[in-house]
Amino acid sequence: MSQKTKVVVTRQLNGAAQTLLESHHELEIVQWNSEKPAPRPWLLQNAPGASGLLVMLSDTIDAALLETCTPTLKTIASFSVGTDHITLPLLKTHNIRLGYTPTALTSAVADTAIMLTLMAQRRAGEAVASVKAGEWPAMPWAPQLLTGPQIAGCTVGFVGFGRIGQAVLKRFVGFGVRRAVYLTSRPGEVAKVDYFDVLGGKAGIEAVPARGWEDLGRESDVVVLGCALTESTRHFVGREFLALMKRTAVLVNVARGPVVDTEALVEALREGRIFGAGLDVVEGEPNVPADHPLLKEPRCVLLPHIGSATIETREQMAEESVRNLLAGLSGEAMVNEVEL
Ligand code: DGY
């Protein structure tokens, strides 16, 4: 019988992370060696007897899965900042530690939020599509061609104002954003105003708590969703919220798809009740067929969940995930551990 400690890894990892994992000869590594998600039956079949799991946000870690591998399972390392794919209370019950990668991807996701804001405001999706369709000759430069709202002078409303939201604001200061309001479940983690003072002296802007979600919806020219998906944020942006938004406002989602009610968003875009949307995530992803209603909305830019997809970030996420897995197995401190 093998004396080795079994770990299950649900994806191919990059070179450095894989080398680190394989340097631990005490481990029996059972790995789904592909860029594609591990099928659920593969995970259910291989989890029994595992002491550690290294999983992706596409793996659902629920009661059915945990039933197959408790009591051997000691630790899970998730290659993600989001943990909504994991039933957290069950980990506490079974005394299973959970590592994640919240610090590795802040810059990459914040950059994506800026990109999506500008794409939505400046109608980049429509513009690229029109050039690709050969429409440029018939639609030459014109004073009103593809105009959209300008970022300078905007008020930005943040739903979720943790690491990512604050990093987005830091970048927005350089674009001349005028004001920032936020909703957060962790007000103690909001840095003081001088944190945003990237241009030095008086160039920083003050971020203030919104008086409520209604005010945030009414006042913002850009709404950035950067919150965790929980029961209280599911469909946070629905008909009521969208009805409050300005006609010139854009919605940016770098959080999780279900924070937005897709049907309500499609309606709002179709009726011109908001200016546009920049989404990195969407309900039901990755099952987004080419005839998805959002794709028919010219003012909607939809990316396939690539917020953290820089080479450097993904390398760091992989390495931190392996380190978290190893630390969880040996009882040492993780790079980042979820407080359960
Ligand atoms: C995460 O890690 O949760 C992100 O959504 C990945 O981009």
# chains A, B, ... in the order shown; residues from 1 in each chain; ligands from 1
>>> residues_near_ligand(ligand="ligand 1", cutoff="6 Å", atoms="only C-alpha atoms and all ligand atoms", output="ChimeraX atom specification")
/A:80-82,306-308
>>> write_last_selection(atoms="C-alpha atoms", output="PDB file, in the first residue's frame")
ATOM      1  CA  SER A  80      -8.851  31.819  -7.304  1.00  0.00           C
ATOM      2  CA  VAL A  81      -9.797  34.756  -5.152  1.00  0.00           C
ATOM      3  CA  GLY A  82     -13.494  33.882  -5.324  1.00  0.00           C
ATOM      4  CA  ILE A 306     -10.144  36.829 -18.364  1.00  0.00           C
ATOM      5  CA  GLY A 307      -9.892  39.433 -15.591  1.00  0.00           C
ATOM      6  CA  SER A 308      -6.800  37.887 -14.045  1.00  0.00           C
TER       7      SER A 308
END
>>> select_by_dssp(residues="range 57-240 of chain A", states="helix (DSSP H, G or I)", output="ChimeraX atom specification")
/A:63-69,88-93,106-121,124-132,163-173,187-189,193-196,201-203,213-219,239-240
>>> select_by_dssp(residues="range 64-174 of chain A", states="strand (DSSP E)", output="number ranges by chain")
A: 75-78, 97-99, 155-159
>>> write_last_selection(atoms="N, CA and C atoms", output="compact mmCIF listing (two decimals), in the first residue's frame")
# COMPACT_ATOMS: atom_id res chain seq x y z
N THR A 75 -6.98 19.61 3.46
CA THR A 75 -6.82 20.96 2.94
C THR A 75 -7.25 21.08 1.48
N ILE A 76 -7.72 22.29 1.14
CA ILE A 76 -8.06 22.60 -0.25
C ILE A 76 -7.32 23.89 -0.61
N ALA A 77 -6.73 23.91 -1.79
CA ALA A 77 -6.12 25.15 -2.29
C ALA A 77 -6.89 25.54 -3.54
N SER A 78 -7.51 26.70 -3.50
CA SER A 78 -8.27 27.14 -4.67
C SER A 78 -7.46 28.15 -5.48
N ARG A 97 -8.81 23.04 5.94
CA ARG A 97 -8.28 24.40 5.71
C ARG A 97 -8.45 24.75 4.23
N LEU A 98 -8.60 26.05 3.99
CA LEU A 98 -8.80 26.52 2.60
C LEU A 98 -7.83 27.66 2.28
N GLY A 99 -7.01 27.43 1.26
CA GLY A 99 -6.12 28.49 0.77
C GLY A 99 -6.70 29.09 -0.50
N THR A 155 -18.30 60.27 -11.56
CA THR A 155 -18.42 59.68 -10.23
C THR A 155 -18.46 58.17 -10.44
N VAL A 156 -17.62 57.46 -9.69
CA VAL A 156 -17.61 56.00 -9.81
C VAL A 156 -18.18 55.39 -8.54
N GLY A 157 -19.11 54.47 -8.70
CA GLY A 157 -19.70 53.77 -7.56
C GLY A 157 -19.17 52.36 -7.51
N PHE A 158 -18.65 51.97 -6.36
CA PHE A 158 -18.07 50.63 -6.20
C PHE A 158 -18.99 49.77 -5.34
N VAL A 159 -19.39 48.65 -5.89
CA VAL A 159 -20.13 47.67 -5.10
C VAL A 159 -19.12 46.60 -4.73
>>> closest_residue(among="A:Leu145, A:Leu53, A:Ala47, A:Val9", to="Asn33 in chain A", atoms="only C-alpha atoms")
A:Val9
>>> closest_residue(among="A:Gly125, A:Leu242, A:Phe275, A:Phe79", to="Gln150 in chain A", atoms="only C-alpha atoms")
A:Phe275
>>> atom_distance(atom1="CA of Phe161 in chain A", atom2="CA of Gly212 in chain A")
14.0 Å
>>> atom_distance(atom1="CA of Asp291 in chain A", atom2="CA of Leu225 in chain A")
25.0 Å
>>> closest_residue(among="A:Met119, A:Leu66, A:Leu44, A:Ala191", to="Val208 in chain A", atoms="only C-alpha atoms")
A:Ala191
>>> residues_around(residues="His85 in chain A", least_positions_apart="3", cutoff="9 Å", atoms="only C-alpha atoms", output="PyMOL selection string")
chain A and resi 56-62+82+88
>>> write_last_selection(atoms="all heavy atoms", output="PDB file, in the first residue's frame")
ATOM      1  N   MET A  56      -9.908  24.556  -9.160  1.00  0.00           N
ATOM      2  CA  MET A  56     -10.166  25.790  -9.912  1.00  0.00           C
ATOM      3  C   MET A  56     -11.560  26.287  -9.579  1.00  0.00           C
ATOM      4  O   MET A  56     -12.377  25.552  -9.007  1.00  0.00           O
ATOM      5  CB  MET A  56     -10.117  25.514 -11.420  1.00  0.00           C
ATOM      6  CG  MET A  56      -8.873  24.830 -11.888  1.00  0.00           C
ATOM      7  SD  MET A  56      -7.419  25.898 -11.841  1.00  0.00           S
ATOM      8  CE  MET A  56      -6.220  24.808 -11.083  1.00  0.00           C
ATOM      9  N   LEU A  57     -11.886  27.515 -10.049  1.00  0.00           N
ATOM     10  CA  LEU A  57     -13.228  28.035  -9.762  1.00  0.00           C
ATOM     11  C   LEU A  57     -14.313  27.285 -10.525  1.00  0.00           C
ATOM     12  O   LEU A  57     -15.494  27.412 -10.224  1.00  0.00           O
ATOM     13  CB  LEU A  57     -13.304  29.547 -10.020  1.00  0.00           C
ATOM     14  CG  LEU A  57     -12.793  30.103 -11.342  1.00  0.00           C
ATOM     15  CD1 LEU A  57     -13.829  29.970 -12.428  1.00  0.00           C
ATOM     16  CD2 LEU A  57     -12.413  31.554 -11.153  1.00  0.00           C
ATOM     17  N   SER A  58     -13.895  26.459 -11.489  1.00  0.00           N
ATOM     18  CA  SER A  58     -14.875  25.661 -12.239  1.00  0.00           C
ATOM     19  C   SER A  58     -15.208  24.341 -11.539  1.00  0.00           C
ATOM     20  O   SER A  58     -16.053  23.586 -12.018  1.00  0.00           O
ATOM     21  CB  SER A  58     -14.332  25.382 -13.640  1.00  0.00           C
ATOM     22  OG  SER A  58     -12.989  24.966 -13.555  1.00  0.00           O
ATOM     23  N   ASP A  59     -14.549  24.044 -10.431  1.00  0.00           N
ATOM     24  CA  ASP A  59     -14.853  22.809  -9.692  1.00  0.00           C
ATOM     25  C   ASP A  59     -15.796  23.128  -8.537  1.00  0.00           C
ATOM     26  O   ASP A  59     -15.500  24.013  -7.729  1.00  0.00           O
ATOM     27  CB  ASP A  59     -13.555  22.208  -9.105  1.00  0.00           C
ATOM     28  CG  ASP A  59     -12.532  21.900 -10.185  1.00  0.00           C
ATOM     29  OD1 ASP A  59     -12.887  21.242 -11.166  1.00  0.00           O
ATOM     30  OD2 ASP A  59     -11.368  22.350 -10.040  1.00  0.00           O
ATOM     31  N   THR A  60     -16.899  22.416  -8.474  1.00  0.00           N
ATOM     32  CA  THR A  60     -17.839  22.650  -7.372  1.00  0.00           C
ATOM     33  C   THR A  60     -17.466  21.755  -6.194  1.00  0.00           C
ATOM     34  O   THR A  60     -17.453  20.526  -6.311  1.00  0.00           O
ATOM     35  CB  THR A  60     -19.277  22.339  -7.841  1.00  0.00           C
ATOM     36  OG1 THR A  60     -19.532  23.150  -8.987  1.00  0.00           O
ATOM     37  CG2 THR A  60     -20.296  22.636  -6.761  1.00  0.00           C
ATOM     38  N   ILE A  61     -17.155  22.403  -5.081  1.00  0.00           N
ATOM     39  CA  ILE A  61     -16.779  21.641  -3.889  1.00  0.00           C
ATOM     40  C   ILE A  61     -17.956  21.713  -2.925  1.00  0.00           C
ATOM     41  O   ILE A  61     -18.112  22.667  -2.160  1.00  0.00           O
ATOM     42  CB  ILE A  61     -15.483  22.218  -3.249  1.00  0.00           C
ATOM     43  CG1 ILE A  61     -14.379  22.381  -4.310  1.00  0.00           C
ATOM     44  CG2 ILE A  61     -15.038  21.349  -2.083  1.00  0.00           C
ATOM     45  CD1 ILE A  61     -13.958  21.105  -5.025  1.00  0.00           C
ATOM     46  N   ASP A  62     -18.786  20.708  -2.991  1.00  0.00           N
ATOM     47  CA  ASP A  62     -20.029  20.692  -2.220  1.00  0.00           C
ATOM     48  C   ASP A  62     -20.114  19.428  -1.361  1.00  0.00           C
ATOM     49  O   ASP A  62     -19.153  18.649  -1.280  1.00  0.00           O
ATOM     50  CB  ASP A  62     -21.228  20.793  -3.174  1.00  0.00           C
ATOM     51  CG  ASP A  62     -21.201  19.674  -4.232  1.00  0.00           C
ATOM     52  OD1 ASP A  62     -20.332  18.785  -4.150  1.00  0.00           O
ATOM     53  OD2 ASP A  62     -22.050  19.700  -5.136  1.00  0.00           O
ATOM     54  N   GLY A  82     -12.105  34.187  -5.667  1.00  0.00           N
ATOM     55  CA  GLY A  82     -13.494  33.882  -5.324  1.00  0.00           C
ATOM     56  C   GLY A  82     -13.596  32.486  -4.736  1.00  0.00           C
ATOM     57  O   GLY A  82     -12.853  31.573  -5.121  1.00  0.00           O
ATOM     58  N   LEU A  88     -18.494  26.735   2.019  1.00  0.00           N
ATOM     59  CA  LEU A  88     -17.561  27.044   3.109  1.00  0.00           C
ATOM     60  C   LEU A  88     -17.969  26.443   4.468  1.00  0.00           C
ATOM     61  O   LEU A  88     -17.098  25.905   5.174  1.00  0.00           O
ATOM     62  CB  LEU A  88     -17.375  28.561   3.234  1.00  0.00           C
ATOM     63  CG  LEU A  88     -16.787  29.256   1.986  1.00  0.00           C
ATOM     64  CD1 LEU A  88     -16.622  30.740   2.229  1.00  0.00           C
ATOM     65  CD2 LEU A  88     -15.462  28.636   1.577  1.00  0.00           C
TER      66      LEU A  88
END
>>> closest_residue(among="A:Gly272, A:Pro39, A:Gly153, A:Pro71", to="Phe172 in chain A", atoms="only C-alpha atoms")
A:Gly153
>>> residues_around(residues="Ala127 in chain A", least_positions_apart="2", cutoff="12 Å", atoms="only C-alpha atoms", output="PyMOL selection string")
chain A and resi 119-125+129-136+139-141+145-148+298-301
>>> closest_residue(among="A:Glu320, A:Ala249, A:Tyr100, A:Ala333", to="Gln18 in chain A", atoms="only C-alpha atoms")
A:Glu320
>>> closest_residue(among="A:Gly174, A:Gly276, A:Pro37, A:Gly165", to="Val190 in chain A", atoms="only C-alpha atoms")
A:Gly165
>>> closest_atom_pairs(of="range 79-191 of chain A", to="range 226-229 of chain A", cutoff="12 Å", atoms="only C-alpha atoms", output="Markdown table")
| residue | atom | partner | partner_atom | distance |
| --- | --- | --- | --- | --- |
| A:Ser80 | CA | A:Ala228 | CA | 11.8 |
| A:Val81 | CA | A:Ala228 | CA | 9.1 |
| A:Gly82 | CA | A:Ala228 | CA | 6.6 |
| A:Thr83 | CA | A:Ala228 | CA | 8.2 |
| A:Asp84 | CA | A:Leu229 | CA | 6.2 |
| A:His85 | CA | A:Leu229 | CA | 9.7 |
| A:Ile86 | CA | A:Leu229 | CA | 11.5 |
| A:Pro102 | CA | A:Ala228 | CA | 11.5 |
| A:Thr106 | CA | A:Gly226 | CA | 10.7 |
| A:Val109 | CA | A:Gly226 | CA | 9.3 |
| A:Ala110 | CA | A:Gly226 | CA | 9.2 |
| A:Thr112 | CA | A:Gly226 | CA | 11.4 |
| A:Ala113 | CA | A:Gly226 | CA | 9.0 |
| A:Gly157 | CA | A:Gly226 | CA | 10.5 |
| A:Phe158 | CA | A:Gly226 | CA | 7.1 |
| A:Val159 | CA | A:Cys227 | CA | 6.0 |
| A:Gly160 | CA | A:Cys227 | CA | 4.0 |
| A:Phe161 | CA | A:Gly226 | CA | 6.9 |
| A:Gly162 | CA | A:Cys227 | CA | 7.7 |
| A:Arg163 | CA | A:Gly226 | CA | 9.1 |
| A:Ile164 | CA | A:Gly226 | CA | 6.6 |
| A:Gly165 | CA | A:Gly226 | CA | 5.9 |
| A:Gln166 | CA | A:Gly226 | CA | 9.7 |
| A:Ala167 | CA | A:Gly226 | CA | 10.6 |
| A:Val168 | CA | A:Gly226 | CA | 9.5 |
| A:Leu169 | CA | A:Gly226 | CA | 11.5 |
| A:Tyr182 | CA | A:Gly226 | CA | 10.5 |
| A:Leu183 | CA | A:Cys227 | CA | 9.2 |
| A:Thr184 | CA | A:Cys227 | CA | 8.0 |
| A:Ser185 | CA | A:Cys227 | CA | 9.0 |
| A:Arg186 | CA | A:Cys227 | CA | 10.7 |
>>> atom_distance(atom1="CA of Glu332 in chain A", atom2="CA of Asn46 in chain A")
25.3 Å
>>> residues_around(residues="range 302-304 of chain A", least_positions_apart="3", cutoff="12 Å", atoms="only C-alpha atoms", output="PyMOL selection string")
chain A and resi 112-113+115-117+119-120+124-126+251-254+256-257+276-290+292-299+307-309
>>> decode(residues="range 146-160 of chain A", atoms="all heavy atoms", output="PDB file, in the first residue's frame")
ATOM      1  N   LEU A 146     -19.900  57.454 -33.108  1.00  0.00           N
ATOM      2  CA  LEU A 146     -19.513  56.594 -31.980  1.00  0.00           C
ATOM      3  C   LEU A 146     -19.063  57.381 -30.746  1.00  0.00           C
ATOM      4  O   LEU A 146     -18.095  57.003 -30.075  1.00  0.00           O
ATOM      5  CB  LEU A 146     -18.423  55.610 -32.414  1.00  0.00           C
ATOM      6  CG  LEU A 146     -18.891  54.501 -33.367  1.00  0.00           C
ATOM      7  CD1 LEU A 146     -17.708  53.792 -34.004  1.00  0.00           C
ATOM      8  CD2 LEU A 146     -19.769  53.492 -32.639  1.00  0.00           C
ATOM      9  N   THR A 147     -19.752  58.452 -30.459  1.00  0.00           N
ATOM     10  CA  THR A 147     -19.379  59.216 -29.267  1.00  0.00           C
ATOM     11  C   THR A 147     -19.951  58.535 -28.016  1.00  0.00           C
ATOM     12  O   THR A 147     -20.969  57.853 -28.062  1.00  0.00           O
ATOM     13  CB  THR A 147     -19.895  60.667 -29.341  1.00  0.00           C
ATOM     14  OG1 THR A 147     -21.300  60.631 -29.580  1.00  0.00           O
ATOM     15  CG2 THR A 147     -19.206  61.455 -30.431  1.00  0.00           C
ATOM     16  N   GLY A 148     -19.264  58.766 -26.918  1.00  0.00           N
ATOM     17  CA  GLY A 148     -19.707  58.201 -25.640  1.00  0.00           C
ATOM     18  C   GLY A 148     -19.236  59.084 -24.511  1.00  0.00           C
ATOM     19  O   GLY A 148     -18.470  60.020 -24.725  1.00  0.00           O
ATOM     20  N   PRO A 149     -19.670  58.785 -23.285  1.00  0.00           N
ATOM     21  CA  PRO A 149     -19.283  59.638 -22.149  1.00  0.00           C
ATOM     22  C   PRO A 149     -17.782  59.549 -21.840  1.00  0.00           C
ATOM     23  O   PRO A 149     -17.146  58.532 -22.109  1.00  0.00           O
ATOM     24  CB  PRO A 149     -20.104  59.080 -20.991  1.00  0.00           C
ATOM     25  CG  PRO A 149     -20.635  57.775 -21.423  1.00  0.00           C
ATOM     26  CD  PRO A 149     -20.553  57.685 -22.908  1.00  0.00           C
ATOM     27  N   GLN A 150     -17.269  60.623 -21.273  1.00  0.00           N
ATOM     28  CA  GLN A 150     -15.832  60.712 -20.953  1.00  0.00           C
ATOM     29  C   GLN A 150     -15.585  60.322 -19.508  1.00  0.00           C
ATOM     30  O   GLN A 150     -16.373  60.666 -18.636  1.00  0.00           O
ATOM     31  CB  GLN A 150     -15.396  62.153 -21.205  1.00  0.00           C
ATOM     32  CG  GLN A 150     -13.944  62.405 -20.947  1.00  0.00           C
ATOM     33  CD  GLN A 150     -13.449  63.547 -21.828  1.00  0.00           C
ATOM     34  OE1 GLN A 150     -13.722  63.582 -23.028  1.00  0.00           O
ATOM     35  NE2 GLN A 150     -12.768  64.480 -21.209  1.00  0.00           N
ATOM     36  N   ILE A 151     -14.480  59.671 -19.278  1.00  0.00           N
ATOM     37  CA  ILE A 151     -14.182  59.215 -17.912  1.00  0.00           C
ATOM     38  C   ILE A 151     -13.835  60.381 -16.966  1.00  0.00           C
ATOM     39  O   ILE A 151     -14.236  60.376 -15.802  1.00  0.00           O
ATOM     40  CB  ILE A 151     -13.073  58.128 -17.923  1.00  0.00           C
ATOM     41  CG1 ILE A 151     -12.870  57.513 -16.547  1.00  0.00           C
ATOM     42  CG2 ILE A 151     -11.770  58.631 -18.476  1.00  0.00           C
ATOM     43  CD1 ILE A 151     -14.004  56.705 -16.033  1.00  0.00           C
ATOM     44  N   ALA A 152     -13.099  61.376 -17.478  1.00  0.00           N
ATOM     45  CA  ALA A 152     -12.720  62.503 -16.612  1.00  0.00           C
ATOM     46  C   ALA A 152     -13.985  63.185 -16.097  1.00  0.00           C
ATOM     47  O   ALA A 152     -14.924  63.423 -16.845  1.00  0.00           O
ATOM     48  CB  ALA A 152     -11.865  63.491 -17.384  1.00  0.00           C
ATOM     49  N   GLY A 153     -14.002  63.462 -14.813  1.00  0.00           N
ATOM     50  CA  GLY A 153     -15.151  64.155 -14.224  1.00  0.00           C
ATOM     51  C   GLY A 153     -16.234  63.209 -13.712  1.00  0.00           C
ATOM     52  O   GLY A 153     -17.210  63.652 -13.107  1.00  0.00           O
ATOM     53  N   CYS A 154     -16.068  61.920 -13.935  1.00  0.00           N
ATOM     54  CA  CYS A 154     -17.113  60.962 -13.526  1.00  0.00           C
ATOM     55  C   CYS A 154     -17.138  60.708 -12.018  1.00  0.00           C
ATOM     56  O   CYS A 154     -16.134  60.846 -11.326  1.00  0.00           O
ATOM     57  CB  CYS A 154     -16.858  59.603 -14.189  1.00  0.00           C
ATOM     58  SG  CYS A 154     -17.415  59.529 -15.886  1.00  0.00           S
ATOM     59  N   THR A 155     -18.295  60.274 -11.563  1.00  0.00           N
ATOM     60  CA  THR A 155     -18.421  59.677 -10.229  1.00  0.00           C
ATOM     61  C   THR A 155     -18.461  58.170 -10.440  1.00  0.00           C
ATOM     62  O   THR A 155     -19.227  57.676 -11.275  1.00  0.00           O
ATOM     63  CB  THR A 155     -19.729  60.139  -9.553  1.00  0.00           C
ATOM     64  OG1 THR A 155     -19.616  61.533  -9.277  1.00  0.00           O
ATOM     65  CG2 THR A 155     -19.984  59.383  -8.247  1.00  0.00           C
ATOM     66  N   VAL A 156     -17.624  57.461  -9.691  1.00  0.00           N
ATOM     67  CA  VAL A 156     -17.605  56.004  -9.812  1.00  0.00           C
ATOM     68  C   VAL A 156     -18.181  55.388  -8.540  1.00  0.00           C
ATOM     69  O   VAL A 156     -17.795  55.770  -7.424  1.00  0.00           O
ATOM     70  CB  VAL A 156     -16.169  55.468 -10.019  1.00  0.00           C
ATOM     71  CG1 VAL A 156     -16.188  53.954 -10.209  1.00  0.00           C
ATOM     72  CG2 VAL A 156     -15.529  56.120 -11.243  1.00  0.00           C
ATOM     73  N   GLY A 157     -19.112  54.474  -8.701  1.00  0.00           N
ATOM     74  CA  GLY A 157     -19.699  53.773  -7.556  1.00  0.00           C
ATOM     75  C   GLY A 157     -19.165  52.357  -7.507  1.00  0.00           C
ATOM     76  O   GLY A 157     -19.214  51.643  -8.509  1.00  0.00           O
ATOM     77  N   PHE A 158     -18.645  51.973  -6.361  1.00  0.00           N
ATOM     78  CA  PHE A 158     -18.073  50.631  -6.202  1.00  0.00           C
ATOM     79  C   PHE A 158     -18.989  49.767  -5.345  1.00  0.00           C
ATOM     80  O   PHE A 158     -19.289  50.133  -4.203  1.00  0.00           O
ATOM     81  CB  PHE A 158     -16.706  50.711  -5.516  1.00  0.00           C
ATOM     82  CG  PHE A 158     -15.642  51.346  -6.371  1.00  0.00           C
ATOM     83  CD1 PHE A 158     -15.415  52.719  -6.327  1.00  0.00           C
ATOM     84  CD2 PHE A 158     -14.873  50.569  -7.227  1.00  0.00           C
ATOM     85  CE1 PHE A 158     -14.440  53.307  -7.119  1.00  0.00           C
ATOM     86  CE2 PHE A 158     -13.889  51.149  -8.025  1.00  0.00           C
ATOM     87  CZ  PHE A 158     -13.676  52.524  -7.976  1.00  0.00           C
ATOM     88  N   VAL A 159     -19.390  48.650  -5.894  1.00  0.00           N
ATOM     89  CA  VAL A 159     -20.133  47.670  -5.103  1.00  0.00           C
ATOM     90  C   VAL A 159     -19.120  46.604  -4.732  1.00  0.00           C
ATOM     91  O   VAL A 159     -18.709  45.798  -5.572  1.00  0.00           O
ATOM     92  CB  VAL A 159     -21.309  47.084  -5.915  1.00  0.00           C
ATOM     93  CG1 VAL A 159     -22.047  46.034  -5.083  1.00  0.00           C
ATOM     94  CG2 VAL A 159     -22.242  48.195  -6.366  1.00  0.00           C
ATOM     95  N   GLY A 160     -18.657  46.663  -3.482  1.00  0.00           N
ATOM     96  CA  GLY A 160     -17.500  45.884  -3.067  1.00  0.00           C
ATOM     97  C   GLY A 160     -16.303  46.811  -3.203  1.00  0.00           C
ATOM     98  O   GLY A 160     -16.023  47.308  -4.308  1.00  0.00           O
TER      99      GLY A 160
END
